[in-house]
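J.: First the structure, then my questions, so here it is.
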Amino acid sequence: QVQLVESGGGLVQAGDSLRLSCAASGRSINSNAMGWFRQAPGKEREFVAAISWSGGIIYYADSVKGRFTISRDNAKNTMYLQMNSLKREDTAVYYCAADKSMFRPTAGKFLWEYDYWGQGTQVTVSS
């Protein structure tokens with residue numbers, strides 16, 4: 001079983017930066033695709049970014065493209081989301097997720113493609 005724990009959220013002003021981390025425990029996730037999703041109050045959980053097991057395939061939602069960067073450090077069993085130029089509309093609870101399938105040559109953009117989820121970390125952007 002894989003446990004995922006997000007950290008790095010907080011309250012920032014528009015234009016600021018934050019880096020979220022997602023630490024995995026229980027077993028290595030080096031062979032698994034991972035992703036970030038977010039959920040704003042009253043809205044559905046939505047895709048933010050995803051990265052394949054090797055890091056060679058990366059996808060972003062259009063709303064964050066050019067501002068957010070997803071990465072992973074397999075030696076640390078950890079995934080990151082660098083968020084720059086934050087906007088009020090980025091305010092949400094951010095969740096990391098891992099796909100239980102190993103060595104998939106891609107990364108998922110949909111909730112149903114992920115099997116393990118963290119508890120989330122709050123990001124609040126004020127204007």
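Simple scheme: letters A, B, ... for chains in structure tokens order, numbers from 1 for residues in each chain, numbers from 1 for ligands in the order shown.
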Each residue of region 40-64 of chain A lying at most 10 Å from region 69-74 of chain A should get a row with its shortest atom-to-atom pair and the distance in Å to one decimal, counting only C-alpha atoms; could you produce that, ordered by chain and increasing number, as a Markdown table?

T.:
```
| residue | atom | partner | partner_atom | distance |
| --- | --- | --- | --- | --- |
| A:Val48 | CA | A:Ile70 | CA | 9.4 |
| A:Ala49 | CA | A:Ile70 | CA | 6.6 |
| A:Ala50 | CA | A:Ile70 | CA | 7.1 |
| A:Ile51 | CA | A:Ile70 | CA | 7.0 |
| A:Ser52 | CA | A:Arg72 | CA | 9.4 |
| A:Trp53 | CA | A:Asn74 | CA | 8.7 |
| A:Ser54 | CA | A:Asn74 | CA | 8.7 |
| A:Gly55 | CA | A:Arg72 | CA | 7.0 |
| A:Ile58 | CA | A:Ile70 | CA | 7.6 |
| A:Tyr59 | CA | A:Ile70 | CA | 8.7 |
| A:Tyr60 | CA | A:Thr69 | CA | 8.4 |
| A:Val64 | CA | A:Thr69 | CA | 8.7 |
```

J.: Okay, now the selection with C-alpha atoms, as an mmCIF file, in the first residue's frame?

T.:
```cif
data_model
loop_
_atom_site.group_PDB
_atom_site.id
_atom_site.type_symbol
_atom_site.label_atom_id
_atom_site.label_comp_id
_atom_site.auth_asym_id
_atom_site.auth_seq_id
_atom_site.Cartn_x
_atom_site.Cartn_y
_atom_site.Cartn_z
ATOM 1 C CA VAL A 48 -3.497 20.175 -12.827
ATOM 2 C CA ALA A 49 -0.416 18.256 -13.981
ATOM 3 C CA ALA A 50 0.896 14.729 -14.459
ATOM 4 C CA ILE A 51 4.269 13.081 -14.915
ATOM 5 C CA SER A 52 5.173 9.630 -16.153
ATOM 6 C CA TRP A 53 7.273 7.226 -14.112
ATOM 7 C CA SER A 54 10.428 8.235 -15.986
ATOM 8 C CA GLY A 55 9.636 11.933 -16.049
ATOM 9 C CA ILE A 58 4.496 15.603 -18.700
ATOM 10 C CA TYR A 59 1.043 17.138 -19.101
ATOM 11 C CA TYR A 60 -0.433 20.369 -17.776
ATOM 12 C CA VAL A 64 -1.504 26.414 -15.361
#
```

J.: Set the distance at 12 Å and use only C-alpha atoms: which residues neighbour Arg88 (chain A) once local chain neighbours fewer than 6 positions away are removed? I'd like the list as a list in words.

T.: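 Skipping anything fewer than 6 positions along the chain leaves Leu11, Val12, Gln13, Ala14, Gly15, Asp16, Ala40, Val123, Thr124, Val125, Ser126 and Ser127 of chain A.
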
J.: Taking into account only C-alpha atoms, which residue in the set A:Leu86, A:Leu4, A:Glu113, A:Tyr95 is nearest to Ile29 (chain A)?

T.: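 When distances to Ile29 (chain A) are compared using only C-alpha atoms, the smallest one comes from A:Leu4.
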
J.: Please provide the set of residues having any atom within 8 Å of Ser25 (chain A), restricted to only C-alpha atoms, with same-chain residues fewer than 6 positions apart removed, written as an mmCIF file with N, CA and C atoms, in the first residue's frame.

T.:
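And here's selection-v4.cif as it stands now:
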```cif
data_model
loop_
_atom_site.group_PDB
_atom_site.id
_atom_site.type_symbol
_atom_site.label_atom_id
_atom_site.label_comp_id
_atom_site.auth_asym_id
_atom_site.auth_seq_id
_atom_site.Cartn_x
_atom_site.Cartn_y
_atom_site.Cartn_z
ATOM 1 N N VAL A 2 0.439 2.244 -0.719
ATOM 2 C CA VAL A 2 1.180 3.491 -0.829
ATOM 3 C C VAL A 2 0.454 4.574 -0.042
ATOM 4 N N GLN A 3 1.199 5.308 0.745
ATOM 5 C CA GLN A 3 0.664 6.487 1.410
ATOM 6 C C GLN A 3 1.316 7.720 0.797
ATOM 7 N N LEU A 4 0.489 8.721 0.519
ATOM 8 C CA LEU A 4 0.976 9.973 -0.054
ATOM 9 C C LEU A 4 0.658 11.116 0.896
ATOM 10 N N ASN A 77 11.650 9.444 -3.597
ATOM 11 C CA ASN A 77 10.265 8.975 -3.610
ATOM 12 C C ASN A 77 9.275 10.139 -3.459
#
```

J.: Please report, as a PDB file with C-alpha atoms, in the first residue's frame, each residue of chain A to which DSSP assigns helix (DSSP H, G or I) when run on this structure's backbone.

T.:
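As a result, result_10.pdb now contains:
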```pdb
ATOM      1  CA  ARG A  88      -6.683  34.004  -7.029  1.00  0.00           C
ATOM      2  CA  GLU A  89      -8.274  31.318  -9.180  1.00  0.00           C
ATOM      3  CA  ASP A  90      -5.493  28.908  -8.154  1.00  0.00           C
ATOM      4  CA  LEU A 111      -9.187  10.993 -11.608  1.00  0.00           C
ATOM      5  CA  TRP A 112     -10.119   7.396 -12.427  1.00  0.00           C
ATOM      6  CA  GLU A 113      -6.584   6.715 -13.670  1.00  0.00           C
TER       7      GLU A 113
END
```

J.: Give me, please, the distance in Å between CA of Pro41 (chain A) and CA of Thr78 (chain A), quoted to one decimal.

T.: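 Result for CA of Pro41 (chain A) versus CA of Thr78 (chain A): 27.0 Å, one decimal.
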
J.: Rank nothing, just name the residue among A:Asn84, A:Thr121, A:Ser31, A:Gln1 nearest to Cys96 (chain A), using only C-alpha atoms.

T.: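 Counting only C-alpha atoms, the residue closest to Cys96 (chain A) is A:Thr121.
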
J.: What's around Glu46 (chain A) at 9 Å? Count only C-alpha atoms, leave out sequence neighbours fewer than 6 positions away in its own chain, and write the answer as a list in words.

T.: Trp36, Phe37, Arg38, Gln39, Ala40, Ala61, Lys109, Phe110 and Leu111 of chain A

J.: Deliver the residues from the most recent selection as a file, using C-alpha atoms, as a short mmCIF file (atom, residue, chain, number, x, y, z; two decimals), in the first residue's frame.

T.:
```
data_model
loop_
_atom_site.label_atom_id
_atom_site.label_comp_id
_atom_site.auth_asym_id
_atom_site.auth_seq_id
_atom_site.Cartn_x
_atom_site.Cartn_y
_atom_site.Cartn_z
CA TRP A 36 -1.58 16.73 -9.15
CA PHE A 37 -5.25 17.66 -8.94
CA ARG A 38 -7.05 20.48 -7.17
CA GLN A 39 -10.49 21.20 -5.85
CA ALA A 40 -11.86 24.66 -5.23
CA ALA A 61 -3.90 21.81 -17.65
CA LYS A 109 -5.23 13.31 -16.79
CA PHE A 110 -8.34 11.82 -15.21
CA LEU A 111 -9.19 10.99 -11.61
#
```

J.: I'd like the neighbourhood of Glu6 (chain A) as a JSON list (two decimals) with N, CA and C atoms, in the first residue's frame, where a residue qualifies if any of its atoms comes within 7 Å (using only C-alpha atoms), though same-chain residues fewer than 6 positions away should be ignored.

T.:
```json
[["chain", "number", "residue", "atom", "x", "y", "z"],
["A", 20, "LEU", "N", 4.88, 22.78, -3.84],
["A", 20, "LEU", "CA", 4.23, 21.67, -3.14],
["A", 20, "LEU", "C", 5.09, 20.42, -3.28],
["A", 21, "SER", "N", 5.06, 19.61, -2.24],
["A", 21, "SER", "CA", 5.75, 18.33, -2.27],
["A", 21, "SER", "C", 4.75, 17.22, -1.99],
["A", 22, "CYS", "N", 5.03, 16.07, -2.55],
["A", 22, "CYS", "CA", 4.21, 14.87, -2.31],
["A", 22, "CYS", "C", 5.17, 13.73, -2.00],
["A", 23, "ALA", "N", 5.22, 13.36, -0.74],
["A", 23, "ALA", "CA", 6.12, 12.30, -0.31],
["A", 23, "ALA", "C", 5.38, 10.98, -0.23],
["A", 96, "CYS", "N", -2.17, 15.12, -4.42],
["A", 96, "CYS", "CA", -1.31, 14.33, -5.29],
["A", 96, "CYS", "C", -1.88, 12.92, -5.38],
["A", 118, "GLY", "N", -3.42, 11.47, -1.74],
["A", 118, "GLY", "CA", -3.07, 12.11, -0.48],
["A", 118, "GLY", "C", -4.28, 12.82, 0.11],
["A", 120, "GLY", "N", -4.40, 16.06, 0.80],
["A", 120, "GLY", "CA", -4.53, 17.40, 0.27],
["A", 120, "GLY", "C", -3.83, 18.46, 1.10],
["A", 121, "THR", "N", -3.45, 19.55, 0.45],
["A", 121, "THR", "CA", -2.87, 20.70, 1.12],
["A", 121, "THR", "C", -3.53, 21.96, 0.56]]
```

J.: Can you check which residues of chain A DSSP gives as strand (DSSP E) on the backbone and send them as a PyMOL selection string?

T.: chain A and resi 3-7+10-13+18-25+32-39+46-51+58-60+68-73+78-83+92-102+116-117+121-126

J.: Could those residues be written to a file, using C-alpha atoms, as a PDB file, in the first residue's frame?

T.:
```pdb
ATOM      1  CA  GLN A   3       0.664   6.487   1.410  1.00  0.00           C
ATOM      2  CA  LEU A   4       0.976   9.973  -0.054  1.00  0.00           C
ATOM      3  CA  VAL A   5       1.453  13.114   2.007  1.00  0.00           C
ATOM      4  CA  GLU A   6       1.315  16.594   0.518  1.00  0.00           C
ATOM      5  CA  SER A   7       3.027  19.608   2.043  1.00  0.00           C
ATOM      6  CA  GLY A  10      -0.206  28.120   2.482  1.00  0.00           C
ATOM      7  CA  LEU A  11      -1.551  31.632   2.134  1.00  0.00           C
ATOM      8  CA  VAL A  12       0.206  33.805  -0.427  1.00  0.00           C
ATOM      9  CA  GLN A  13      -0.484  36.925  -2.456  1.00  0.00           C
ATOM     10  CA  LEU A  18       4.856  28.100  -3.769  1.00  0.00           C
ATOM     11  CA  ARG A  19       6.347  24.647  -4.084  1.00  0.00           C
ATOM     12  CA  LEU A  20       4.231  21.673  -3.144  1.00  0.00           C
ATOM     13  CA  SER A  21       5.750  18.333  -2.267  1.00  0.00           C
ATOM     14  CA  CYS A  22       4.206  14.874  -2.308  1.00  0.00           C
ATOM     15  CA  ALA A  23       6.124  12.303  -0.312  1.00  0.00           C
ATOM     16  CA  ALA A  24       5.336   8.642  -0.842  1.00  0.00           C
ATOM     17  CA  SER A  25       5.830   5.900   1.711  1.00  0.00           C
ATOM     18  CA  ASN A  32       4.406   4.782 -11.319  1.00  0.00           C
ATOM     19  CA  ALA A  33       2.915   7.787 -13.014  1.00  0.00           C
ATOM     20  CA  MET A  34       1.836  10.550 -10.667  1.00  0.00           C
ATOM     21  CA  GLY A  35      -0.320  13.610 -10.852  1.00  0.00           C
ATOM     22  CA  TRP A  36      -1.583  16.733  -9.147  1.00  0.00           C
ATOM     23  CA  PHE A  37      -5.251  17.657  -8.945  1.00  0.00           C
ATOM     24  CA  ARG A  38      -7.052  20.480  -7.173  1.00  0.00           C
ATOM     25  CA  GLN A  39     -10.494  21.202  -5.852  1.00  0.00           C
ATOM     26  CA  GLU A  46      -9.761  18.971 -11.616  1.00  0.00           C
ATOM     27  CA  PHE A  47      -6.534  17.929 -13.286  1.00  0.00           C
ATOM     28  CA  VAL A  48      -3.497  20.175 -12.827  1.00  0.00           C
ATOM     29  CA  ALA A  49      -0.416  18.256 -13.981  1.00  0.00           C
ATOM     30  CA  ALA A  50       0.896  14.729 -14.459  1.00  0.00           C
ATOM     31  CA  ILE A  51       4.269  13.081 -14.915  1.00  0.00           C
ATOM     32  CA  ILE A  58       4.496  15.603 -18.700  1.00  0.00           C
ATOM     33  CA  TYR A  59       1.043  17.138 -19.101  1.00  0.00           C
ATOM     34  CA  TYR A  60      -0.433  20.369 -17.776  1.00  0.00           C
ATOM     35  CA  PHE A  68       3.454  25.527 -12.925  1.00  0.00           C
ATOM     36  CA  THR A  69       6.190  22.914 -13.221  1.00  0.00           C
ATOM     37  CA  ILE A  70       5.806  19.290 -12.163  1.00  0.00           C
ATOM     38  CA  SER A  71       8.857  17.203 -11.339  1.00  0.00           C
ATOM     39  CA  ARG A  72       9.863  14.128  -9.414  1.00  0.00           C
ATOM     40  CA  ASP A  73      12.887  12.889  -7.526  1.00  0.00           C
ATOM     41  CA  THR A  78       8.847  12.479  -3.926  1.00  0.00           C
ATOM     42  CA  MET A  79       6.997  14.555  -6.490  1.00  0.00           C
ATOM     43  CA  TYR A  80       6.870  18.358  -6.645  1.00  0.00           C
ATOM     44  CA  LEU A  81       4.736  21.117  -8.075  1.00  0.00           C
ATOM     45  CA  GLN A  82       6.436  24.481  -8.474  1.00  0.00           C
ATOM     46  CA  MET A  83       3.759  27.131  -8.759  1.00  0.00           C
ATOM     47  CA  ALA A  92      -7.918  25.220  -3.909  1.00  0.00           C
ATOM     48  CA  VAL A  93      -6.997  22.109  -2.015  1.00  0.00           C
ATOM     49  CA  TYR A  94      -4.226  20.404  -3.964  1.00  0.00           C
ATOM     50  CA  TYR A  95      -4.047  16.619  -4.040  1.00  0.00           C
ATOM     51  CA  CYS A  96      -1.311  14.332  -5.286  1.00  0.00           C
ATOM     52  CA  ALA A  97      -2.076  10.946  -6.718  1.00  0.00           C
ATOM     53  CA  ALA A  98      -0.248   7.844  -7.921  1.00  0.00           C
ATOM     54  CA  ASP A  99      -1.203   5.261 -10.512  1.00  0.00           C
ATOM     55  CA  LYS A 100      -0.751   1.681  -9.322  1.00  0.00           C
ATOM     56  CA  SER A 101       0.114   0.501 -12.831  1.00  0.00           C
ATOM     57  CA  MET A 102       3.838   0.231 -13.354  1.00  0.00           C
ATOM     58  CA  TYR A 116      -3.633   6.311  -4.389  1.00  0.00           C
ATOM     59  CA  TRP A 117      -4.440   9.780  -3.099  1.00  0.00           C
ATOM     60  CA  THR A 121      -2.870  20.700   1.122  1.00  0.00           C
ATOM     61  CA  GLN A 122      -4.628  24.073   1.049  1.00  0.00           C
ATOM     62  CA  VAL A 123      -3.357  26.804  -1.235  1.00  0.00           C
ATOM     63  CA  THR A 124      -4.962  30.207  -0.801  1.00  0.00           C
ATOM     64  CA  VAL A 125      -4.047  33.118  -3.055  1.00  0.00           C
ATOM     65  CA  SER A 126      -5.174  36.573  -2.013  1.00  0.00           C
TER      66      SER A 126
END
```
